[in-house]
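K.L.:
File input-v5.csv below, CSV, C-alpha atoms:
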chain,number,residue,atom,x,y,z
A,560,MET,CA,0.0,0.0,0.0
A,561,GLY,CA,1.5,3.3,-1.1
A,562,VAL,CA,2.0,6.3,1.1
A,563,PRO,CA,-0.3,9.1,0.1
A,564,ASN,CA,1.2,12.4,-1.1
A,565,LEU,CA,-1.1,15.0,0.4
A,566,ALA,CA,0.2,17.8,-1.7
A,567,GLU,CA,-0.7,15.9,-4.9
A,568,ILE,CA,-4.1,14.9,-3.5
A,569,TYR,CA,-4.9,18.5,-2.7
A,570,VAL,CA,-3.9,19.8,-6.1
A,571,ALA,CA,-5.8,17.0,-8.0
A,572,ASN,CA,-9.0,17.6,-6.0
A,573,ALA,CA,-8.6,21.4,-6.1
A,574,LEU,CA,-8.6,21.1,-9.9
A,575,GLY,CA,-11.8,19.0,-9.7
A,576,ILE,CA,-13.5,21.6,-7.4
A,577,VAL,CA,-12.5,24.5,-9.7
A,578,LEU,CA,-13.9,22.7,-12.8
A,579,MET,CA,-17.2,21.8,-11.1
A,580,VAL,CA,-17.7,25.3,-9.6
A,581,GLY,CA,-17.0,26.7,-13.1
A,582,VAL,CA,-19.5,24.4,-14.7
A,583,LEU,CA,-22.1,25.3,-12.0
A,584,LEU,CA,-21.5,29.1,-12.5
A,585,ASN,CA,-21.4,28.8,-16.2
A,586,GLY,CA,-25.0,27.5,-16.1
A,587,ALA,CA,-24.7,25.5,-19.3
A,588,TRP,CA,-26.3,22.5,-17.5
A,589,LYS,CA,-29.5,24.6,-17.2
A,590,GLN,CA,-29.7,24.9,-21.0
A,591,GLN,CA,-30.2,21.1,-21.4
A,592,LYS,CA,-33.6,19.5,-21.9
A,593,LYS,CA,-36.1,19.4,-19.1
A,594,GLY,CA,-35.2,16.5,-16.8
A,595,GLU,CA,-31.7,16.2,-18.2
A,596,ASP,CA,-30.7,19.4,-16.5
A,597,VAL,CA,-31.5,18.0,-13.1
A,598,LEU,CA,-29.6,14.8,-13.8
A,599,ILE,CA,-26.5,16.7,-14.9
A,600,LEU,CA,-26.8,18.9,-11.7
A,601,TYR,CA,-26.8,15.7,-9.6
A,602,ILE,CA,-23.6,14.5,-11.4
A,603,ILE,CA,-21.9,17.9,-10.9
A,604,LEU,CA,-22.8,17.9,-7.2
A,605,SER,CA,-21.6,14.3,-6.8
A,606,ILE,CA,-18.2,15.1,-8.2
A,607,LEU,CA,-18.0,18.4,-6.3
A,608,VAL,CA,-18.8,16.7,-2.9
A,609,SER,CA,-16.3,13.9,-3.7
A,610,CYS,CA,-13.5,16.3,-4.5
A,611,ILE,CA,-14.1,17.9,-1.2
A,612,SER,CA,-14.4,14.6,0.7
A,613,ASP,CA,-11.4,12.9,-0.8
A,614,PRO,CA,-8.7,15.2,0.7
A,615,ILE,CA,-10.5,15.2,4.0
A,616,CYS,CA,-10.3,11.4,4.1
A,617,PHE,CA,-6.6,11.3,3.3
A,618,THR,CA,-5.8,14.2,5.8
A,619,ALA,CA,-7.6,12.6,8.7
A,620,ASP,CA,-6.3,9.1,7.9
A,621,GLY,CA,-4.1,7.7,10.7
A,622,LYS,CA,-4.7,10.7,13.0
A,623,PRO,CA,-5.7,9.9,16.6
A,624,GLY,CA,-9.0,10.7,18.2
A,625,THR,CA,-12.7,10.2,17.8
A,626,LEU,CA,-13.0,13.1,15.4
A,627,ALA,CA,-10.5,11.6,13.1
A,628,PHE,CA,-12.4,8.3,13.1
A,629,VAL,CA,-15.6,10.1,12.2
A,630,LEU,CA,-14.0,12.0,9.4
A,631,VAL,CA,-12.2,9.0,7.9
A,632,TYR,CA,-15.2,6.7,8.1
A,633,GLY,CA,-17.9,9.2,7.3
A,634,PHE,CA,-16.2,10.8,4.3
A,635,ASN,CA,-15.1,7.5,2.9
A,636,LEU,CA,-18.7,6.3,3.2
A,637,LEU,CA,-19.8,9.5,1.4
A,638,LEU,CA,-17.4,8.8,-1.4
A,639,TYR,CA,-19.0,5.4,-2.0
A,640,ILE,CA,-22.4,7.0,-2.0
A,641,THR,CA,-21.5,9.7,-4.4
A,642,MET,CA,-20.0,7.1,-6.8
A,643,LEU,CA,-23.4,5.4,-6.8
A,644,VAL,CA,-25.3,8.6,-7.3
A,645,LEU,CA,-23.0,9.6,-10.2
A,646,SER,CA,-23.2,6.2,-11.9
A,647,ALA,CA,-27.0,5.9,-11.6
A,648,ASN,CA,-27.7,9.4,-12.9
A,649,TRP,CA,-25.3,8.9,-15.7
A,650,ILE,CA,-27.3,5.8,-16.9
A,651,VAL,CA,-30.6,7.7,-16.7
A,652,LEU,CA,-29.2,10.8,-18.4
A,653,LEU,CA,-27.6,8.7,-21.2
A,654,GLU,CA,-30.9,6.9,-22.1
A,655,ARG,CA,-33.0,10.0,-21.7
A,656,HIS,CA,-30.8,12.0,-24.0
A,657,ILE,CA,-30.6,9.4,-26.7
A,658,SER,CA,-34.1,8.0,-26.6
A,659,GLY,CA,-36.1,10.8,-25.1
A,660,ILE,CA,-37.6,8.4,-22.5
A,661,ASN,CA,-36.5,6.3,-19.6
A,662,ARG,CA,-37.7,2.7,-19.9
A,663,ARG,CA,-39.1,1.0,-16.9
A,664,TRP,CA,-36.7,-1.9,-16.9
A,665,VAL,CA,-33.7,0.6,-16.9
A,666,ILE,CA,-35.1,2.5,-13.9
A,667,ILE,CA,-35.8,-0.7,-12.0
A,668,SER,CA,-32.4,-2.2,-12.8
A,669,VAL,CA,-30.6,1.0,-11.6
A,670,ASN,CA,-32.7,1.2,-8.4
A,671,VAL,CA,-32.2,-2.5,-7.6
A,672,ILE,CA,-28.4,-2.3,-8.0
A,673,CYS,CA,-28.2,1.0,-6.1
A,674,GLY,CA,-30.5,-0.4,-3.4
A,675,ILE,CA,-28.3,-3.5,-2.9
A,676,ALA,CA,-25.2,-1.4,-2.9
A,677,PHE,CA,-26.6,1.0,-0.2
A,678,LEU,CA,-27.7,-1.9,1.9
A,679,GLY,CA,-24.2,-3.3,1.6
A,680,LEU,CA,-22.8,0.0,3.0
A,681,ILE,CA,-25.2,-0.2,6.0
A,682,VAL,CA,-24.1,-3.8,6.7
A,683,ASN,CA,-20.5,-2.8,6.3
A,684,PHE,CA,-20.8,-0.7,9.4
A,685,PHE,CA,-21.4,-3.9,11.5
A,686,VAL,CA,-19.5,-6.4,9.3
A,687,PRO,CA,-16.7,-4.5,7.4
A,688,PHE,CA,-16.4,-6.4,4.2
A,689,ILE,CA,-16.1,-3.3,1.9
A,690,PHE,CA,-13.8,-1.1,3.9
A,691,TYR,CA,-12.9,-0.6,7.5
A,692,VAL,CA,-11.1,1.9,9.8
A,693,ASP,CA,-8.8,0.3,12.3
A,694,GLU,CA,-8.0,1.3,15.9
A,695,ASN,CA,-5.4,3.7,14.5
A,696,ASN,CA,-8.0,5.4,12.3
A,697,VAL,CA,-6.3,4.0,9.2
A,698,TYR,CA,-8.7,3.3,6.2
A,699,SER,CA,-8.3,0.0,4.5
A,700,ARG,CA,-10.1,-1.8,1.7
A,701,GLY,CA,-12.1,-4.8,2.7
A,702,PRO,CA,-12.1,-8.2,1.0
A,703,LEU,CA,-15.1,-7.3,-1.2
A,704,TYR,CA,-14.0,-3.7,-2.0
A,705,ASN,CA,-13.8,-4.6,-5.7
A,706,ILE,CA,-17.5,-5.3,-5.8
A,707,TYR,CA,-18.1,-1.6,-5.7
A,708,THR,CA,-15.6,-1.0,-8.5
A,709,LEU,CA,-17.4,-3.7,-10.4
A,710,ILE,CA,-20.8,-1.9,-9.9
A,711,GLY,CA,-19.3,1.2,-11.5
A,712,PHE,CA,-18.1,-0.8,-14.5
A,713,ILE,CA,-21.6,-2.5,-14.7
A,714,PHE,CA,-23.2,0.9,-15.0
A,715,ILE,CA,-20.6,1.8,-17.7
A,716,ILE,CA,-21.3,-1.4,-19.6
A,717,MET,CA,-25.0,-0.9,-19.2
A,718,GLY,CA,-24.8,2.6,-20.5
A,719,SER,CA,-22.7,1.5,-23.5
A,720,PHE,CA,-25.2,-1.2,-24.2
A,721,LEU,CA,-28.1,1.3,-24.2
A,722,TYR,CA,-26.0,3.6,-26.4
A,723,TYR,CA,-25.4,0.7,-28.8
A,724,LEU,CA,-29.1,-0.2,-29.0
A,725,ALA,CA,-30.0,3.5,-29.7
A,726,ARG,CA,-27.3,3.7,-32.4
A,727,ARG,CA,-28.7,0.5,-34.0
A,728,LYS,CA,-32.2,1.9,-34.1
A,729,GLY,CA,-31.3,5.5,-34.9
A,730,GLY,CA,-28.5,4.8,-37.3
A,731,VAL,CA,-26.2,7.7,-38.1
A,732,PHE,CA,-28.7,10.1,-36.8
A,733,LYS,CA,-28.0,9.5,-33.1
A,734,ALA,CA,-24.9,10.6,-31.3
A,735,PHE,CA,-23.9,11.3,-27.8
A,736,PRO,CA,-20.4,12.2,-26.4
A,737,ILE,CA,-20.3,9.0,-24.3
A,738,LEU,CA,-16.5,8.4,-24.6
A,739,HIS,CA,-15.7,12.0,-23.5
A,740,PHE,CA,-17.1,11.2,-20.1
A,741,ILE,CA,-16.4,7.5,-19.4
A,742,ILE,CA,-12.8,7.2,-20.7
A,743,PRO,CA,-11.4,9.7,-18.1
A,744,ILE,CA,-13.4,8.0,-15.4
A,745,ILE,CA,-12.2,4.5,-16.4
A,746,VAL,CA,-8.6,5.8,-16.4
A,747,GLY,CA,-9.1,7.4,-13.0
A,748,VAL,CA,-10.6,4.3,-11.5
A,749,LEU,CA,-7.9,2.0,-12.8
A,750,VAL,CA,-5.1,4.4,-11.6
A,751,GLN,CA,-6.5,4.7,-8.1
A,752,THR,CA,-7.5,1.0,-7.8
A,753,PHE,CA,-4.0,-0.3,-8.5
A,754,ASN,CA,-2.2,2.6,-6.8
A,755,TYR,CA,-3.6,3.3,-3.4
A,756,GLY,CA,-2.6,6.7,-2.2
A,757,ILE,CA,-3.1,8.4,-5.5
A,758,SER,CA,-6.3,10.5,-5.8
A,759,ALA,CA,-7.4,10.2,-9.4
A,760,ILE,CA,-11.0,9.2,-9.8
A,761,TRP,CA,-12.8,12.4,-9.0
A,762,ALA,CA,-10.3,14.8,-10.7
A,763,PHE,CA,-10.6,12.6,-13.9
A,764,ALA,CA,-14.4,12.6,-13.4
A,765,ALA,CA,-14.4,16.4,-13.3
A,766,VAL,CA,-12.4,16.5,-16.5
A,767,GLY,CA,-14.7,14.0,-18.1
A,768,LEU,CA,-17.8,16.0,-17.2
A,769,MET,CA,-16.2,19.2,-18.4
A,770,LEU,CA,-15.6,17.6,-21.8
A,771,LEU,CA,-19.1,16.3,-21.8
A,772,MET,CA,-20.6,19.7,-21.2
A,773,LEU,CA,-18.5,21.2,-24.0
A,774,GLN,CA,-19.9,18.7,-26.4
A,775,LEU,CA,-23.4,19.2,-25.2
A,776,GLN,CA,-23.1,22.9,-25.6
A,777,LYS,CA,-21.9,22.3,-29.2
A,778,GLU,CA,-24.9,20.0,-29.7
A,779,ASN,CA,-27.2,22.8,-28.6
A,780,ILE,CA,-26.5,24.5,-31.9
A,781,TYR,CA,-28.7,21.7,-33.4
A,782,THR,CA,-31.4,21.9,-30.8
A,783,ASP,CA,-34.8,23.6,-31.1
A,784,LYS,CA,-35.5,25.4,-27.9
A,785,LEU,CA,-39.3,25.1,-27.9
A,786,THR,CA,-39.5,21.4,-28.5
A,787,GLY,CA,-36.1,20.0,-27.6
A,788,LEU,CA,-36.0,18.3,-31.0
A,789,PHE,CA,-33.2,18.8,-33.5
A,790,ASN,CA,-33.5,21.9,-35.6
A,791,ARG,CA,-33.1,22.5,-39.4
A,792,PHE,CA,-29.3,22.9,-39.1
A,793,TYR,CA,-29.1,19.2,-38.2
A,794,LEU,CA,-30.2,18.3,-41.7
A,795,ASP,CA,-26.9,19.6,-43.1
A,796,LYS,CA,-25.0,17.5,-40.5
A,797,ILE,CA,-26.8,14.4,-41.6
A,798,GLN,CA,-26.2,15.0,-45.2
A,799,SER,CA,-22.5,15.8,-44.7
A,800,GLU,CA,-21.8,12.7,-42.6
A,801,LYS,CA,-23.3,10.1,-44.9
A,802,LYS,CA,-21.7,7.4,-42.7
A,803,SER,CA,-24.3,4.8,-43.8
A,804,LYS,CA,-25.3,3.7,-47.2
A,805,LYS,CA,-28.4,2.0,-45.9
A,806,ASP,CA,-31.8,3.0,-47.0
A,807,PHE,CA,-33.8,5.2,-44.7
A,808,CYS,CA,-37.3,6.4,-44.3
A,809,MET,CA,-38.3,10.0,-44.2
A,810,ILE,CA,-41.7,11.1,-42.8
A,811,PHE,CA,-42.9,14.7,-43.3
A,812,VAL,CA,-45.5,15.9,-40.7
A,813,ASP,CA,-47.4,19.2,-40.8
A,814,ILE,CA,-50.0,20.6,-38.4
A,815,ASN,CA,-53.3,21.3,-40.3
A,816,ASP,CA,-54.6,24.8,-40.2
A,817,PHE,CA,-51.9,26.0,-37.8
A,818,LYS,CA,-52.4,29.7,-38.9
A,819,GLY,CA,-56.1,29.3,-37.9
A,820,ILE,CA,-55.1,28.0,-34.5
A,821,ASN,CA,-52.8,31.1,-33.9
A,822,ASP,CA,-55.5,33.5,-35.2
A,823,ALA,CA,-58.2,32.0,-33.1
A,824,PHE,CA,-56.4,31.2,-29.8
A,825,GLY,CA,-53.1,33.2,-29.9
A,826,HIS,CA,-49.5,32.4,-30.4
A,827,LYS,CA,-49.1,31.1,-26.8
A,828,GLU,CA,-51.7,28.3,-27.6
A,829,GLY,CA,-49.9,27.8,-30.9
A,830,ASP,CA,-46.6,27.1,-29.2
A,831,LYS,CA,-48.4,24.7,-26.9
A,832,VAL,CA,-49.8,22.9,-29.9
A,833,ILE,CA,-46.3,22.7,-31.5
A,834,LYS,CA,-44.9,21.3,-28.3
A,835,ALA,CA,-47.7,18.8,-28.0
A,836,VAL,CA,-47.2,17.6,-31.5
A,837,ALA,CA,-43.5,17.2,-30.9
A,838,ASP,CA,-44.2,15.1,-27.9
A,839,ILE,CA,-46.8,13.1,-29.8
A,840,ILE,CA,-44.4,12.3,-32.6
A,841,SER,CA,-41.6,11.5,-30.1
A,842,ALA,CA,-43.9,9.0,-28.4
A,843,GLY,CA,-44.8,7.4,-31.7
A,844,ILE,CA,-41.3,7.2,-33.0
A,845,GLU,CA,-39.7,6.3,-29.6
A,846,ASN,CA,-36.0,5.6,-30.3
A,847,ARG,CA,-36.4,4.3,-33.8
A,848,GLY,CA,-35.0,7.4,-35.4
A,849,ILE,CA,-34.7,11.2,-34.9
A,850,ILE,CA,-37.1,14.1,-35.3
A,851,VAL,CA,-36.3,17.5,-36.7
A,852,ARG,CA,-38.4,20.6,-36.3
A,853,TYR,CA,-38.1,21.7,-40.0
A,854,ALA,CA,-40.2,24.9,-39.8
A,855,SER,CA,-42.8,26.5,-37.6
A,856,ASP,CA,-45.3,23.7,-37.7
A,857,GLU,CA,-43.5,21.2,-39.8
A,858,PHE,CA,-41.5,18.1,-38.6
A,859,VAL,CA,-39.2,15.8,-40.5
A,860,ILE,CA,-38.6,12.3,-39.2
A,861,PHE,CA,-35.7,10.0,-40.1
A,862,LEU,CA,-36.2,6.3,-39.5
A,863,ASN,CA,-33.3,3.9,-39.7
A,864,THR,CA,-35.3,1.4,-41.8
A,865,ASP,CA,-36.2,0.6,-45.4
A,866,SER,CA,-39.4,-1.2,-44.3
A,867,VAL,CA,-42.7,0.3,-45.5
A,868,ILE,CA,-44.4,-1.7,-42.8
A,869,ASP,CA,-42.2,0.0,-40.1
A,870,SER,CA,-42.9,3.4,-41.7
A,871,ASP,CA,-46.6,2.8,-41.8
A,872,SER,CA,-46.5,1.6,-38.2
A,873,CYS,CA,-44.9,4.9,-37.1
A,874,VAL,CA,-47.4,7.0,-39.0
A,875,LYS,CA,-50.3,5.1,-37.5
A,876,SER,CA,-48.8,5.6,-34.0
A,877,ILE,CA,-48.6,9.3,-34.6
A,878,ARG,CA,-52.2,9.5,-35.8
A,879,ASP,CA,-53.4,7.4,-32.9
A,880,ASN,CA,-51.5,9.6,-30.4
A,881,VAL,CA,-53.1,12.7,-32.0
A,882,ALA,CA,-56.5,11.2,-31.6
A,883,LEU,CA,-55.8,10.2,-28.0
A,884,TYR,CA,-54.5,13.8,-27.2
A,885,ASN,CA,-57.7,15.3,-28.6
A,886,ALA,CA,-59.9,12.8,-26.7
A,887,GLU,CA,-58.2,13.7,-23.4
A,888,GLY,CA,-59.1,17.4,-24.0
A,889,ASN,CA,-55.6,18.7,-23.4
A,890,SER,CA,-55.9,21.7,-25.7
A,891,LYS,CA,-58.4,24.5,-26.5
A,892,CYS,CA,-58.5,23.3,-30.1
A,893,GLU,CA,-58.5,20.0,-31.9
A,894,ILE,CA,-55.2,19.0,-33.4
A,895,SER,CA,-54.8,17.2,-36.7
A,896,VAL,CA,-51.7,16.5,-38.9
A,897,SER,CA,-51.0,15.7,-42.5
A,898,VAL,CA,-48.3,13.1,-43.3
A,899,GLY,CA,-46.1,12.2,-46.2
A,900,SER,CA,-43.4,9.5,-46.3
A,901,GLY,CA,-41.0,7.6,-48.5
A,902,ILE,CA,-38.0,5.3,-48.6
A,903,PHE,CA,-34.7,6.8,-49.8
A,904,ASN,CA,-31.0,6.1,-50.0
A,905,PHE,CA,-28.2,8.5,-49.3
A,906,GLU,CA,-26.2,7.1,-52.2
A,907,THR,CA,-28.8,7.9,-54.8
A,908,SER,CA,-30.9,10.7,-53.1
A,909,SER,CA,-30.1,13.9,-51.4
A,910,ILE,CA,-32.0,15.1,-48.3
A,911,LEU,CA,-33.3,17.9,-50.5
A,912,HIS,CA,-34.8,15.4,-52.9
A,913,ALA,CA,-36.3,13.4,-50.0
A,914,LEU,CA,-37.8,16.5,-48.6
A,915,GLU,CA,-39.4,17.5,-51.9
A,916,VAL,CA,-41.0,14.0,-52.3
A,917,THR,CA,-42.3,13.6,-48.8
A,918,GLU,CA,-43.5,17.2,-48.6
A,919,SER,CA,-45.4,16.7,-51.9
A,920,ARG,CA,-47.0,13.6,-50.5
A,921,MET,CA,-47.9,15.4,-47.3
A,922,TYR,CA,-49.7,18.1,-49.3
A,923,GLU,CA,-51.7,15.4,-51.0
A,924,ASP,CA,-52.8,14.2,-47.6
A,925,LYS,CA,-53.5,17.8,-46.5
A,926,SER,CA,-55.7,18.4,-49.6
A,927,GLU,CA,-57.8,15.4,-48.6
A,928,TYR,CA,-58.1,16.9,-45.1
A,929,TYR,CA,-59.3,20.3,-46.3
A,930,ASN,CA,-61.8,18.6,-48.7
A,931,LYS,CA,-63.4,17.3,-45.6
A,932,HIS,CA,-62.9,20.2,-43.2
A,933,GLU,CA,-63.3,23.9,-43.4
A,934,ARG,CA,-60.4,26.2,-42.5
A,935,ARG,CA,-60.7,28.4,-39.5
A,936,SER,CA,-61.6,31.9,-40.6
Spell out the structure here as structure tokens.
P.N.:
Amino acid sequence: MGVPNLAEIYVANALGIVLMVGVLLNGAWKQQKKGEDVLILYIILSILVSCISDPICFTADGKPGTLAFVLVYGFNLLLYITMLVLSANWIVLLERHISGINRRWVIISVNVICGIAFLGLIVNFFVPFIFYVDENNVYSRGPLYNIYTLIGFIFIIMGSFLYYLARRKGGVFKAFPILHFIIPIIVGVLVQTFNYGISAIWAFAAVGLMLLMLQLQKENIYTDKLTGLFNRFYLDKIQSEKKSKKDFCMIFVDINDFKGINDAFGHKEGDKVIKAVADIISAGIENRGIIVRYASDEFVIFLNTDSVIDSDSCVKSIRDNVALYNAEGNSKCEISVSVGSGIFNFETSSILHALEVTESRMYEDKSEYYNKHERRS
């Protein structure tokens, strides 16, 4: 077991504290989608608390007295807890950002693992199998310490698996700076696990989160503020990447008589309708592709499929969700949409061509709607 260098520990954790305070004051985390901002805040606070706790643990380690025991045991316990909080919130954030939802099995899995881990920390106070503080107030790892390292890696693997599934379903249209965050943490965990006395995990975690926030701020360029969907600029990104030659489906969705809604109920209600339709489409598509707010009341959907059956299924889900929304009376006005779709290939078709075709088909659908309904005056 190595002898800790307190000066190095102070410097490393001071770096982490400065980075996390900077991220907090910068406020970029507040600019993320609703729900994601809170998850990021929990991660920031977990790292910040850990960077404060870590040097306290090392400083009090081996010092005599009851206070030293309380500091060594209490703050080491806090470090285990913050590790679990960070890992759990990372998983939930990752899935929410990629898929727009948190599936029940993911939440249950995370809660069960964290629950067992927390229970283990309680049991450890009576039967020290994870860590213990001896009569000289010296912290030592217990025989099953590596279980908690394993839990961290389980969460990393679980997050990577969810990311892989989303990439499979969303094709080239889904990205998240996953490596920017987890690689520094993995390096920090490995360095500190095999070199006791070196404080690396939390400083590396702070660097990883800083890199993640920089990437998310960059991603905000492509995010529509009202709906949280991608904006029109993202179309150019998709076209320029062309990483996949697979066929894809494009669906063009337009809100019927949106001008009439604005005129009759005001722009505030119009914004509410746009947000509602964005949520309706997201629920219908789930994580099978991405959605772009193309214009005021127009949405473009990319599905990673060349199946007409899958495309028709998504269109049906959208229409069913619209009908359900109207039936629940969530709006002052009744919402309806017109839809056009088609199967294309990046190798033979440009996004502009796909837009022209699907928009034309959408207008055919819209004409049928207006043949049956009068416009709002």
K.L.:
Counting only C-alpha atoms, I want the residues whose atoms come within 12 Å of (-27.6, 3.3, -20.8) in the file frame, returned as a PDB file with C-alpha atoms, in the frame of the given file.
P.N.:
ATOM      1  CA  SER A 646     -23.200   6.200 -11.900  1.00  0.00           C
ATOM      2  CA  ALA A 647     -27.000   5.900 -11.600  1.00  0.00           C
ATOM      3  CA  ASN A 648     -27.700   9.400 -12.900  1.00  0.00           C
ATOM      4  CA  TRP A 649     -25.300   8.900 -15.700  1.00  0.00           C
ATOM      5  CA  ILE A 650     -27.300   5.800 -16.900  1.00  0.00           C
ATOM      6  CA  VAL A 651     -30.600   7.700 -16.700  1.00  0.00           C
ATOM      7  CA  LEU A 652     -29.200  10.800 -18.400  1.00  0.00           C
ATOM      8  CA  LEU A 653     -27.600   8.700 -21.200  1.00  0.00           C
ATOM      9  CA  GLU A 654     -30.900   6.900 -22.100  1.00  0.00           C
ATOM     10  CA  ARG A 655     -33.000  10.000 -21.700  1.00  0.00           C
ATOM     11  CA  HIS A 656     -30.800  12.000 -24.000  1.00  0.00           C
ATOM     12  CA  ILE A 657     -30.600   9.400 -26.700  1.00  0.00           C
ATOM     13  CA  SER A 658     -34.100   8.000 -26.600  1.00  0.00           C
ATOM     14  CA  ILE A 660     -37.600   8.400 -22.500  1.00  0.00           C
ATOM     15  CA  ASN A 661     -36.500   6.300 -19.600  1.00  0.00           C
ATOM     16  CA  ARG A 662     -37.700   2.700 -19.900  1.00  0.00           C
ATOM     17  CA  TRP A 664     -36.700  -1.900 -16.900  1.00  0.00           C
ATOM     18  CA  VAL A 665     -33.700   0.600 -16.900  1.00  0.00           C
ATOM     19  CA  ILE A 666     -35.100   2.500 -13.900  1.00  0.00           C
ATOM     20  CA  SER A 668     -32.400  -2.200 -12.800  1.00  0.00           C
ATOM     21  CA  VAL A 669     -30.600   1.000 -11.600  1.00  0.00           C
ATOM     22  CA  ILE A 713     -21.600  -2.500 -14.700  1.00  0.00           C
ATOM     23  CA  PHE A 714     -23.200   0.900 -15.000  1.00  0.00           C
ATOM     24  CA  ILE A 715     -20.600   1.800 -17.700  1.00  0.00           C
ATOM     25  CA  ILE A 716     -21.300  -1.400 -19.600  1.00  0.00           C
ATOM     26  CA  MET A 717     -25.000  -0.900 -19.200  1.00  0.00           C
ATOM     27  CA  GLY A 718     -24.800   2.600 -20.500  1.00  0.00           C
ATOM     28  CA  SER A 719     -22.700   1.500 -23.500  1.00  0.00           C
ATOM     29  CA  PHE A 720     -25.200  -1.200 -24.200  1.00  0.00           C
ATOM     30  CA  LEU A 721     -28.100   1.300 -24.200  1.00  0.00           C
ATOM     31  CA  TYR A 722     -26.000   3.600 -26.400  1.00  0.00           C
ATOM     32  CA  TYR A 723     -25.400   0.700 -28.800  1.00  0.00           C
ATOM     33  CA  LEU A 724     -29.100  -0.200 -29.000  1.00  0.00           C
ATOM     34  CA  ALA A 725     -30.000   3.500 -29.700  1.00  0.00           C
ATOM     35  CA  ARG A 726     -27.300   3.700 -32.400  1.00  0.00           C
ATOM     36  CA  PHE A 735     -23.900  11.300 -27.800  1.00  0.00           C
ATOM     37  CA  ILE A 737     -20.300   9.000 -24.300  1.00  0.00           C
TER      38      ILE A 737
END
K.L.:
Report the closest atom pair, with its distance in Å rounded to one decimal, for each residue of segment 833-920 of chain A that has an atom no farther than 10 Å from segment 775-784 of chain A; count only C-alpha atoms, sort by chain and then rising residue number, and write it as a tab-separated table.
P.N.:
residue	atom	partner	partner_atom	distance
A:Val851	CA	A:Asp783	CA	8.4
A:Arg852	CA	A:Asp783	CA	7.0
A:Tyr853	CA	A:Asp783	CA	9.7
K.L.:
Could you work out how far atom CA of Thr864 of chain A lies from atom CA of Arg920 of chain A, giving the answer in Å with one decimal?
P.N.:
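That distance, rounded to one decimal, is 19.0 Å.
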K.L.:
Between atom CA of Val580 of chain A and atom CA of Tyr639 of chain A, what is the distance, to one decimal in Å?
P.N.:
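Going from atom CA of Val580 of chain A over to atom CA of Tyr639 of chain A, I get 21.3 Å.
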K.L.:
With distances taken over all atoms listed in the file, which residue among A:Asp830, A:Asp924, A:Asp856, A:Glu595 lies nearest Ile814 of chain A?
P.N.:
A:Asp856
K.L.:
What is the atom CA of Ile844 of chain A-atom CA of Glu906 of chain A distance in Å, reported with one decimal?
P.N.:
24.4 Å
K.L.:
Of the residues A:Pro614, A:Gly899, A:Pro687, A:Gly679, which is the one nearest to Ile706 of chain A, using only C-alpha atoms?
P.N.:
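Nearest to Ile706 of chain A: A:Gly679.
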K.L.:
Excluding segment 890-898 of chain A and its own-chain neighbours fewer than 3 positions away, which residues fall within 8 Å of it when counting all atoms listed in the file? Please give them as a list of chain:residue names.
P.N.:
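Here the qualifying residues turn out to be A:Ile810, A:Phe811, A:Val812, A:Asp813, A:Ile814, A:Asn815, A:Ile820, A:Phe824, A:Glu828, A:Val832, A:Val874, A:Arg878, A:Val881, A:Asn885, A:Arg920, A:Met921, A:Tyr922, A:Asp924, A:Lys925, A:Tyr928.
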K.L.:
Mind dumping the selected residues with C-alpha atoms as a PDB file, keeping the file's coordinate frame?
P.N.:
ATOM      1  CA  ILE A 810     -41.700  11.100 -42.800  1.00  0.00           C
ATOM      2  CA  PHE A 811     -42.900  14.700 -43.300  1.00  0.00           C
ATOM      3  CA  VAL A 812     -45.500  15.900 -40.700  1.00  0.00           C
ATOM      4  CA  ASP A 813     -47.400  19.200 -40.800  1.00  0.00           C
ATOM      5  CA  ILE A 814     -50.000  20.600 -38.400  1.00  0.00           C
ATOM      6  CA  ASN A 815     -53.300  21.300 -40.300  1.00  0.00           C
ATOM      7  CA  ILE A 820     -55.100  28.000 -34.500  1.00  0.00           C
ATOM      8  CA  PHE A 824     -56.400  31.200 -29.800  1.00  0.00           C
ATOM      9  CA  GLU A 828     -51.700  28.300 -27.600  1.00  0.00           C
ATOM     10  CA  VAL A 832     -49.800  22.900 -29.900  1.00  0.00           C
ATOM     11  CA  VAL A 874     -47.400   7.000 -39.000  1.00  0.00           C
ATOM     12  CA  ARG A 878     -52.200   9.500 -35.800  1.00  0.00           C
ATOM     13  CA  VAL A 881     -53.100  12.700 -32.000  1.00  0.00           C
ATOM     14  CA  ASN A 885     -57.700  15.300 -28.600  1.00  0.00           C
ATOM     15  CA  ARG A 920     -47.000  13.600 -50.500  1.00  0.00           C
ATOM     16  CA  MET A 921     -47.900  15.400 -47.300  1.00  0.00           C
ATOM     17  CA  TYR A 922     -49.700  18.100 -49.300  1.00  0.00           C
ATOM     18  CA  ASP A 924     -52.800  14.200 -47.600  1.00  0.00           C
ATOM     19  CA  LYS A 925     -53.500  17.800 -46.500  1.00  0.00           C
ATOM     20  CA  TYR A 928     -58.100  16.900 -45.100  1.00  0.00           C
TER      21      TYR A 928
END
K.L.:
Any idea what's packed within 7 Å of segment 626-631 of chain A, counting all atoms listed in the file, ignoring anything in its chain fewer than 3 positions away? Could you give it as a list of chain:residue names?
P.N.:
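Counting all atoms listed in the file, the residues come to A:Cys616, A:Ala619, A:Asp620, A:Lys622, A:Pro623, A:Phe634, A:Asn635, A:Asn696, A:Tyr698.
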K.L.:
Of the candidates A:Ile840, A:Cys808, A:Leu638, A:Leu584, which shows the shortest atom-to-atom distance to Ser908 of chain A, using all atoms listed in the file?
P.N.:
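Of A:Ile840, A:Cys808, A:Leu638, A:Leu584, the one nearest Ser908 of chain A is A:Cys808, counting all atoms listed in the file.
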